[in-house]
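Student: Here it is, the structure in full.
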6 protein chains.
Amino acid sequence: MFLRIDRLQIELPQPKEADPNAAAAVQELLGGRFGEMSTLMNYMYQSFNFRGREKLRPYYELIANIATEELGHIELVSASVNMLLNGPRTSETRAADPVSAPLESAKDVRNTHHFIATAQTTLVGNSMGQPWRGDYVFASGNLILDLLHNFFLECGARTQKLRVYEMTRNPAAREMLGYLFVRGGVHALAYAKALETLTGVDVKKMLPIPKIENSVFPEARKFEQQGVHRKLYRFSPEDYREIGKIWNGPSPAGDGDLEVVDGPPAGGRLPDLAEIPAEFAPEYHPAEIYEIAQKLTARAR
Amino acid sequence: MFLRIDRLQIELPQPKEADPNAAAAVQELLGGRFGEMSTLMNYMYQSFNFRGREKLRPYYELIANIATEELGHIELVSASVNMLLNGPRTSETRAADPVSAPLESAKDVRNTHHFIATAQTTLVGNSMGQPWRGDYVFASGNLILDLLHNFFLECGARTQKLRVYEMTRNPAAREMLGYLFVRGGVHALAYAKALETLTGVDVKKMLPIPKIENSVFPEARKFEQQGVHRKLYRFSPEDYREIGKIWNGPSPAGDGDLEVVDGPPAGGRLPDLAEIPAEFAPEYHPAEIYEIAQKLTARAR
Amino acid sequence: MFLRIDRLQIELPQPKEADPNAAAAVQELLGGRFGEMSTLMNYMYQSFNFRGREKLRPYYELIANIATEELGHIELVSASVNMLLNGPRTSETRAADPVSAPLESAKDVRNTHHFIATAQTTLVGNSMGQPWRGDYVFASGNLILDLLHNFFLECGARTQKLRVYEMTRNPAAREMLGYLFVRGGVHALAYAKALETLTGVDVKKMLPIPKIENSVFPEARKFEQQGVHRKLYRFSPEDYREIGKIWNGPSPAGDGDLEVVDGPPAGGRLPDLAEIPAEFAPEYHPAEIYEIAQKLTARAR
Amino acid sequence: MFLRIDRLQIELPQPKEADPNAAAAVQELLGGRFGEMSTLMNYMYQSFNFRGREKLRPYYELIANIATEELGHIELVSASVNMLLNGPRTSETRAADPVSAPLESAKDVRNTHHFIATAQTTLVGNSMGQPWRGDYVFASGNLILDLLHNFFLECGARTQKLRVYEMTRNPAAREMLGYLFVRGGVHALAYAKALETLTGVDVKKMLPIPKIENSVFPEARKFEQQGVHRKLYRFSPEDYREIGKIWNGPSPAGDGDLEVVDGPPAGGRLPDLAEIPAEFAPEYHPAEIYEIAQKLTARAR
Amino acid sequence: MFLRIDRLQIELPQPKEADPNAAAAVQELLGGRFGEMSTLMNYMYQSFNFRGREKLRPYYELIANIATEELGHIELVSASVNMLLNGPRTSETRAADPVSAPLESAKDVRNTHHFIATAQTTLVGNSMGQPWRGDYVFASGNLILDLLHNFFLECGARTQKLRVYEMTRNPAAREMLGYLFVRGGVHALAYAKALETLTGVDVKKMLPIPKIENSVFPEARKFEQQGVHRKLYRFSPEDYREIGKIWNGPSPAGDGDLEVVDGPPAGGRLPDLAEIPAEFAPEYHPAEIYEIAQKLTARAR
Amino acid sequence: MFLRIDRLQIELPQPKEADPNAAAAVQELLGGRFGEMSTLMNYMYQSFNFRGREKLRPYYELIANIATEELGHIELVSASVNMLLNGPRTSETRAADPVSAPLESAKDVRNTHHFIATAQTTLVGNSMGQPWRGDYVFASGNLILDLLHNFFLECGARTQKLRVYEMTRNPAAREMLGYLFVRGGVHALAYAKALETLTGVDVKKMLPIPKIENSVFPEARKFEQQGVHRKLYRFSPEDYREIGKIWNGPSPAGDGDLEVVDGPPAGGRLPDLAEIPAEFAPEYHPAEIYEIAQKLTARAR
């Protein structure tokens, strides 16, 4: 079972401007083969399908706990895509005249489904508009192979994130990316350490892949300075207390010890998505539907 | 952000026997168009993409909260599939001789990926072995349309669950189904009530679709007798306190009032999945890897 | 069995200009999940698969008859896409020199298949160039659920049509859209009324979804003024005489009674698609092939 | 535009028995790459997208008219699949007890979607349960290439039909197959003749592919004895009067002249699909819904 | 078994400029339904699956040998795509600062996977970014039908190549196209001749489809002047000596005799792909990895 | 460019019996995500897309050379599937009567396309009948990441091969598997060694994954006794002479030194696939087509 906290793992800054093609590119990091839907679902199903859970508890808990963090990552990347699609939009009191073709510019964007299907919000697909697929999930049941896969997956995901970073300067994307560079680094290291215990191979020595430090990126450096790269959050009220058996020892960066943090990060506010009458979202005359909700709220008191 | 509790929403009984084709059929309820991956991801992305959240808070919270419950549903259906694939298996102390073709019977099962890819555990696909797809998610941004969709989705999901119930007597499947008949009924009613507030149409009067009561099924009746059909659990430590503005009033069954329960259900133990050396899961000689884990645990103390 | 009349349901005006990206966007309404291929095939297969046809004849006939109208809709949307792709093109007496790169501009359009595969005509796919899929068809066999689905499908289709309307001012698109707003409204109302007879729920009161009247759009208003929104055409020489048992009573718009029209609308001329030598369609030297056809015609007389 | 006649092109005999795996195999001929959905949609979109229609009218009309016949073929194959799925089923007055697992045998069939999704009726997919796809449509705009494609498509379709014939003896399948062997032969010959007029190549001399005569099959021989192999039906009240410019001359079988028949064949009755309460189709208690329909009918008189 | 020669079938000229959208268009000729992956894999699997190889040896060898030539075609088209993506790029001694968004322009290209996934190199997909699929392969086992298919496939492939030629003037694309026009012509003629021996139909008389001669194109004319259109290369050290039983007689162009050339063409140098530090390919600091390779080479001596 | 030698890498023994479901399972190793199509195409496109080829020549050649060996692997697995589908079939002098339903048993096999589409031969798909997809190819351009991927891919492929070995005792499958266990081991080791040179990490120490030695399997042991596990064949007449800079040193098995073999293995005869008149392959009356081929051969002499 899961609980939800209505906050993002970090707060995202206002976008500089709406940039639908940047949003389309960032979709790769959500719904692509190496996107957050993939990391989430790989670890989630590996945790559902884990054999020998009691005897291999630290490994099970590591995977199950990281899966839970990844739920917050699909939320965070979705928020970033939404901000890129909407820009610094404010509330619209009046509906646009649809006859004036208020969505005309959308005809030339790369991902028309953002405008026709989801009213300028996230899709569960990649940067080419192709849907995420359940067969992106790898869960062989062989623990070493699954950990090797996860290590590779994190490195592949990092590579693609680095490239998307280079494709847009929009802060609503880059802040998310900086944070995920750091958290992805934690996950890659965690899987490397787990793999090392089982094989004796010093896998973590391969990191980072590609060979560029997170500290090159101001948005990541900031989080490293807060020690975020040394922390594994325990995303459970009571469980996953054995993850520290794998996540411990000195940080490879030589700046302190790895630590398990008891509970989620403080997080930040969810971004607000204003109404867009031209998209009929939440309705063509939003005021009417807002009034109904207000009455509902009043009545319920 | 999300937290995880290492328990199923209910405890599942031992399967009568391994039944790979029953497992393959139950996959429809996980990874099919009307499976739990779909209900989960539809509501999840609708919550990420919700416009006018502050002004429409009860609606937002209803969707966001049900999405969180659905995370527990993919976990529950996965557990059921796993139990059907494994049967009342016990720990195997010795590896089978692979030359003796220990997986020979798997050649004729309907879903060979269960044996070749996942070591007899769940796949993220449907009863035909086709992967779940991100374009099963509908999130139009128009609140009325999204609620209508969700109401239809729950009815479609119920229809398919009813049919799968009729395809297997295995208790590891039917217990899960009985519980989900009831929880799906809660969700259908919740969306119907939300839709009614916005349109004035008494949508809930259509229920149940199909016209067969949950109480026909012993595994569902049991949960109704506990009042589970009247409860909307609040799956959050602090948030979603306004769902009661929609979820209130008399139960349509006439047996009491709808109520919001503060927190998740008590839940039950996760099933154990024993090692299968013939599948190399978690390894061919599981004892070796268990020993490593034990040392790890000892050292960490 | 089916018969064909070589006319469009309405005549489309000359396009203002060729607009390949508008054509690409309009494809959503043909081959997308909510496009005319979907409405057509959903109703068509529901009619093929209908259980209890004799005892539920009005319901069967309603679905079977609307399916037949939808055949004309894939034809109409295809014609609109073709006109957008071709613009006000006239006959080309001479072949372009292919070495001069006469298709150079096509390199940057959103849907290159329009130029590489179909010689600037319609594809059976959506606005992202993804093919229509047979699993978009929902035919559960449960009559109430199928009608609920159809009602939802029409509302979803309307939402996407409204958004595409806002993306282009080209009259070759908007005339088609105006007509389909009205016909889609007829279908949504018909399914609502059918559903009401079976459940007692006043489903039609939800309409329109989204909450914007067709009369806002000049191209739809024109058809409403002709009463097209009150008419259900009987698309059969002899059959489907019981559709009036569902399609009757006052129009929700309060402007007269719903009526069954005996036979198809008068319709309009099919648009002409001129040869494009640069696309080798119908050939690189069209004159040669025209001459063969002329001889054939002469000889046959 | 299209009209519909509520009859099959031929009447199908009672099935000997229900045979879900035969039904699954026959699906290839409906929704496979070489199935009737493909022939239908290839010709339909080629007719929508035809360039130079006026100057190439006999070719246009040939394709447009055959497309219309193919609509009746998806109907006919669907009817055959439905009969194989249902067998000689009769009306069920009482609902089965769902707790007794009335669909237990469905767990082991090849296509579980027939039981979970469509209540034992046709799917828009192939013999492996994969959906038909819009990119099976080939419409290059080059008339010679399109005709060559169509000729190849008919030969490929025939090959697969021959093989499916060899896979089942069920008369509900074989009668359909015998008829379609003959009608497919007509279409292959028609495209060969069209191609010959444009290229001078005696394409029809390749036929039949594979080299086995239709007359080997009793169910086809019967139709040949009625001359069905020499007839091209004109599926339109008024149009397509120039198809005879291509479809004329002696039959290759040497048994008479090719002829255009003015109008569709007489056809046969649609099969009845009885209710299946265990599938909730049309409902769990069909009598209730039948009663509503009866009242509707009575009231409307 | 296969051997590889590290040369392209022809040498490609320097591109005029990088042109990512031209590269995206050319992908159709690699990974589209009518691309080189399709011709390759169709013939390859037809050769693997050939029935009666000894008795039908010339036919088998023709297909097996052409399949081998096609391996060089996927290599050649890939090289062309790579050159279009990279332009006249030279070695980059220093890594770009990733914070300066060196890939910003990639945000607006048609195929973002070229930049996010493959570091500006070829994908195994079509011009819409959709993956090549194994079900594009047709291998019916009926020899006449397979040859008819192959003849059609070559004509379809030619049509699409002609159109892509018209979409770009970049010499790195057109040189490849000119060569493949000629080689595709050889393959179409070879299959036509094979088909003629089996059916007596003068299939080759249909060529060229479309009706435009290769000699119209300067890049093809050059190869025709070298007689490349009359040559079938024998791509094997020892085998396929019977292909000359089909490939013989006068060239349809009337300019000499068809001939089998013993061995592959001389070919040309592979293009060099320089490092792109901004893509981390082969690494962010290429010099470091080059140094390791150099030591490796030195040590091994 | 490539050359072809008309031999398998090893000779396969006669199958014990036809076993269509074993054939269907073995398809996973050809067209599944971890099948030979994937290893082939991953390495092939990585070689096409390699950056810095001159400076990183040993790495380039390693990948390019292994890609070439993999061409022989798709051939070998296809041969195995074909033998499983056909069993110890001998020549059929007379055509079966198709009316007697000679393919009736095919109705119940797992992969009906083997019988309807390919006349009992290989498909380019996996064990669920799903097509291989071009997006299974990973070619990031980052050399370390690509090598890490390839190492993981080989380990994943081995795991699935081991499981399929356990699913069938048919020697036509097991001989192929034994050989590929050994060759896959060579490739995994080669990528591990390459990775070690670049990262300093002793990756090969992880092998074998899963932890079961090849020598457990009699069919693999045989090849190890011949030293096949120490040999890297150079699959080129002249090129790839630097692979020995990576492939050298002692065998991890401690039984000698790794060696580069100059040229391909001796290989074995291709299996013969007899005609099946019931499948019309190569034709319904094979004798007729054989006679034509004989005349062709005679004439050509």
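Ligands are numbered from 1 in the order shown, chains are lettered A, B, ... in the order of the structure tokens, and residues start at 1 in each chain.
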Give as a CSV table (one decimal) with N, CA and C atoms, in the first residue's frame every residue of chain D that touches chain E within 7 Å, counting only C-alpha atoms.

Tutor:
```
chain,number,residue,atom,x,y,z
D,145,LEU,N,1.2,1.0,-59.5
D,145,LEU,CA,1.7,0.4,-58.3
D,145,LEU,C,0.6,0.0,-57.4
D,148,LEU,N,-0.9,-3.1,-58.8
D,148,LEU,CA,0.0,-4.3,-58.5
D,148,LEU,C,-0.1,-4.7,-57.1
D,149,HIS,N,-0.2,-3.7,-56.2
D,149,HIS,CA,-0.3,-4.1,-54.8
D,149,HIS,C,-1.6,-4.8,-54.6
D,152,PHE,N,-1.4,-8.4,-55.7
D,152,PHE,CA,-0.6,-9.1,-54.7
D,152,PHE,C,-1.4,-9.4,-53.4
D,199,THR,N,-0.4,-1.8,-68.7
D,199,THR,CA,1.0,-2.2,-69.0
D,199,THR,C,1.2,-3.1,-70.1
D,201,VAL,N,0.9,-6.2,-69.9
D,201,VAL,CA,1.3,-7.5,-69.4
D,201,VAL,C,0.1,-8.3,-69.0
D,202,ASP,N,0.2,-9.6,-69.5
D,202,ASP,CA,-0.9,-10.5,-69.2
D,202,ASP,C,-0.9,-11.1,-67.8
D,203,VAL,N,-1.2,-10.2,-66.9
D,203,VAL,CA,-1.0,-10.5,-65.5
D,203,VAL,C,-1.9,-11.7,-65.0
D,205,LYS,N,-2.6,-14.3,-66.3
D,205,LYS,CA,-2.1,-15.6,-66.6
D,205,LYS,C,-1.4,-16.2,-65.3
D,206,MET,N,-1.0,-15.4,-64.4
D,206,MET,CA,-0.4,-15.9,-63.1
D,206,MET,C,-1.4,-16.7,-62.3
D,209,ILE,N,-3.0,-18.2,-57.8
D,209,ILE,CA,-1.9,-18.3,-56.9
D,209,ILE,C,-2.5,-18.6,-55.5
```

Student: List the neighbours of Gly87 in chain C out to 12 Å using only C-alpha atoms; skip same-chain residues closer than 2 positions along the sequence, and give me the result as a list in words.

Tutor: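 Answer for this query is Pro13, Gln14, Pro15, Lys16, Glu17, Ala18, Asp19, Pro20, Ala22, Ala23, Ala79, Ser80, Val81, Asn82, Met83, Leu84, Leu85, Arg89, Thr90, Gln120, Thr121, Asn170, Pro171, Ala172, Ala173, Pro271, Asp272, Leu273 and Ala274 of chain C.
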
Student: Report as a PyMOL selection string all protein, DNA and RNA residues lying within 7 Å of Phe2 in chain C, evaluated on only C-alpha atoms, omitting residues in the same chain fewer than 6 positions from it.

Tutor: chain D and resi 2-5+68+71-72

Student: Write the residues of the selection above to a file with all heavy atoms, as a tab-separated table (two decimals), in the first residue's frame.

Tutor:
```tsv
chain	number	residue	atom	x	y	z
D	2	PHE	N	-22.88	5.93	-47.83
D	2	PHE	CA	-23.15	4.50	-47.93
D	2	PHE	C	-24.55	4.19	-47.39
D	2	PHE	O	-25.08	4.91	-46.56
D	2	PHE	CB	-22.12	3.73	-47.10
D	2	PHE	CG	-20.74	3.84	-47.66
D	2	PHE	CD1	-19.97	4.97	-47.41
D	2	PHE	CD2	-20.20	2.84	-48.45
D	2	PHE	CE1	-18.69	5.09	-47.94
D	2	PHE	CE2	-18.93	2.96	-48.98
D	2	PHE	CZ	-18.16	4.08	-48.72
D	3	LEU	N	-25.11	3.14	-47.92
D	3	LEU	CA	-26.36	2.60	-47.40
D	3	LEU	C	-26.10	1.17	-46.94
D	3	LEU	O	-25.16	0.53	-47.39
D	3	LEU	CB	-27.43	2.59	-48.51
D	3	LEU	CG	-27.75	3.94	-49.15
D	3	LEU	CD1	-28.75	3.76	-50.29
D	3	LEU	CD2	-28.28	4.93	-48.12
D	4	ARG	N	-26.97	0.71	-46.08
D	4	ARG	CA	-26.77	-0.65	-45.55
D	4	ARG	C	-28.02	-1.49	-45.74
D	4	ARG	O	-29.13	-1.00	-45.57
D	4	ARG	CB	-26.43	-0.54	-44.06
D	4	ARG	CG	-26.02	-1.85	-43.41
D	4	ARG	CD	-25.40	-1.58	-42.06
D	4	ARG	NE	-25.01	-2.80	-41.38
D	4	ARG	CZ	-24.43	-2.83	-40.19
D	4	ARG	NH1	-24.17	-1.69	-39.56
D	4	ARG	NH2	-24.10	-3.97	-39.61
D	5	ILE	N	-27.80	-2.72	-46.11
D	5	ILE	CA	-28.87	-3.70	-46.27
D	5	ILE	C	-28.65	-4.76	-45.21
D	5	ILE	O	-27.56	-5.34	-45.15
D	5	ILE	CB	-28.84	-4.33	-47.68
D	5	ILE	CG1	-29.06	-3.24	-48.74
D	5	ILE	CG2	-29.85	-5.44	-47.80
D	5	ILE	CD1	-28.76	-3.71	-50.16
D	68	THR	N	-16.65	-1.39	-51.64
D	68	THR	CA	-18.00	-1.49	-51.07
D	68	THR	C	-18.38	-2.95	-50.85
D	68	THR	O	-19.00	-3.29	-49.83
D	68	THR	CB	-19.00	-0.78	-51.99
D	68	THR	OG1	-18.46	0.49	-52.35
D	68	THR	CG2	-20.33	-0.59	-51.30
D	71	LEU	N	-16.97	-4.26	-47.59
D	71	LEU	CA	-17.71	-3.99	-46.35
D	71	LEU	C	-18.56	-5.19	-45.98
D	71	LEU	O	-18.67	-5.56	-44.81
D	71	LEU	CB	-18.61	-2.76	-46.53
D	71	LEU	CG	-17.90	-1.41	-46.42
D	71	LEU	CD1	-18.82	-0.30	-46.92
D	71	LEU	CD2	-17.49	-1.14	-44.97
D	72	GLY	N	-19.14	-5.80	-46.98
D	72	GLY	CA	-19.92	-7.01	-46.71
D	72	GLY	C	-19.05	-8.19	-46.31
D	72	GLY	O	-19.52	-9.13	-45.67
```

Student: Write out as a ChimeraX atom specification the set of residues from range 87-280 of chain A that DSSP, computed on the backbone, places in helix (DSSP H, G or I).

Tutor: /A:98-100,104-108,113-116,134-136,143-165,171-199,203-206,214-216,218-225,228-230,243-245,277-279

Student: Please identify all polymer residues within 9 Å of His285 in chain D, counting only C-alpha atoms, omitting same-chain residues fewer than 2 positions from it, and present them as a VMD selection string.

Tutor: (chain B and resid 211 to 212) or (chain D and resid 93 to 95 277 280 to 283 287 to 289)

Student: Using only C-alpha atoms, which residues sit within 8 Å of range 101-111 of chain F once same-chain residues fewer than 2 positions away are excluded, as a ChimeraX atom specification?

Tutor: /B:108,110 /D:21-22,25,110,128,163,165-169 /F:20-21,24,96-99,113-115,128-129,278

Student: For Pro250 in chain C, list every protein, DNA or RNA residue within 12 Å, evaluated using only C-alpha atoms, and leave out those in the same chain fewer than 4 positions away; present the list as a list in words.

Tutor: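 Residues near the query, excluding close chain neighbours: Leu189, Lys193, His229, Arg230, Lys231, Ile246, Gly254, Asp255, Gly256, Asp257, Leu258 and Glu259 of chain C.
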
Student: Output the selection as a short mmCIF file (atom, residue, chain, number, x, y, z; two decimals), in the first residue's frame - N, CA and C atoms for each residue.

Tutor:
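Result went into out_2.cif, see below:
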```cif
data_model
loop_
_atom_site.label_atom_id
_atom_site.label_comp_id
_atom_site.auth_asym_id
_atom_site.auth_seq_id
_atom_site.Cartn_x
_atom_site.Cartn_y
_atom_site.Cartn_z
N LEU C 189 -26.84 12.51 -28.55
CA LEU C 189 -28.21 12.57 -28.03
C LEU C 189 -28.92 11.23 -28.21
N LYS C 193 -30.45 9.05 -25.22
CA LYS C 193 -31.87 8.67 -25.13
C LYS C 193 -32.02 7.15 -24.98
N HIS C 229 -29.69 19.18 -36.90
CA HIS C 229 -29.46 18.62 -35.56
C HIS C 229 -30.67 17.85 -35.04
N ARG C 230 -31.80 17.95 -35.73
CA ARG C 230 -32.98 17.20 -35.28
C ARG C 230 -33.22 15.94 -36.09
N LYS C 231 -32.38 15.72 -37.11
CA LYS C 231 -32.65 14.64 -38.07
C LYS C 231 -31.76 13.44 -37.87
N ILE C 246 -36.64 5.18 -30.69
CA ILE C 246 -35.75 5.87 -29.76
C ILE C 246 -35.59 7.35 -30.15
N GLY C 254 -35.33 22.83 -28.04
CA GLY C 254 -36.63 23.46 -27.94
C GLY C 254 -37.10 24.07 -29.24
N ASP C 255 -36.56 23.64 -30.34
CA ASP C 255 -36.89 24.28 -31.62
C ASP C 255 -37.57 23.30 -32.56
N GLY C 256 -38.30 22.36 -32.03
CA GLY C 256 -39.02 21.43 -32.90
C GLY C 256 -38.84 20.01 -32.44
N ASP C 257 -39.33 19.09 -33.25
CA ASP C 257 -39.29 17.69 -32.87
C ASP C 257 -38.16 16.95 -33.59
N LEU C 258 -37.66 15.96 -32.92
CA LEU C 258 -36.70 15.06 -33.55
C LEU C 258 -37.42 14.28 -34.63
N GLU C 259 -36.74 14.04 -35.73
CA GLU C 259 -37.41 13.30 -36.81
C GLU C 259 -36.45 12.35 -37.50
#
```

Student: Write out as a ChimeraX atom specification all residues of range 43-290 of chain F that DSSP puts in strand (DSSP E) for this structure's backbone.

Tutor: /F:231-233,259-261

Student: To one decimal place in Å, what is the distance between CA of Leu30 in chain B and CA of Met44 in chain B?

Tutor: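 Answer for the CA of Leu30 in chain B to CA of Met44 in chain B separation: 15.7 Å.
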
Student: Excluding range 290-293 of chain F and its own-chain neighbours fewer than 5 positions away, which residues fall within 9 Å of it when counting only C-alpha atoms? Please give them as a list in words.

Tutor: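 The contact residues come out as Gly52, Lys55, Leu56, Arg57, Pro58, Tyr59, Thr197 and Leu198 of chain E; Ala298 of chain F.
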
Student: Would you mind exporting the chosen residues as an mmCIF file, in the first residue's frame, restricted to C-alpha atoms?

Tutor:
```cif
data_model
loop_
_atom_site.group_PDB
_atom_site.id
_atom_site.type_symbol
_atom_site.label_atom_id
_atom_site.label_comp_id
_atom_site.auth_asym_id
_atom_site.auth_seq_id
_atom_site.Cartn_x
_atom_site.Cartn_y
_atom_site.Cartn_z
ATOM 1 C CA GLY E 52 13.053 -27.494 -51.878
ATOM 2 C CA LYS E 55 15.547 -28.663 -56.649
ATOM 3 C CA LEU E 56 14.976 -24.953 -56.944
ATOM 4 C CA ARG E 57 18.574 -23.922 -56.455
ATOM 5 C CA PRO E 58 18.745 -20.971 -58.899
ATOM 6 C CA TYR E 59 15.749 -19.353 -57.225
ATOM 7 C CA THR E 197 10.306 -18.510 -65.821
ATOM 8 C CA LEU E 198 7.646 -19.866 -63.472
ATOM 9 C CA ALA F 298 19.638 -27.658 -68.129
#
```

Student: Could you check which of D:Met1, D:Leu12, D:Val124, D:Ala117 is closest to Ile74 in chain C, using only C-alpha atoms?

Tutor: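 Answer, going by the shortest atom-to-atom distance: D:Met1.
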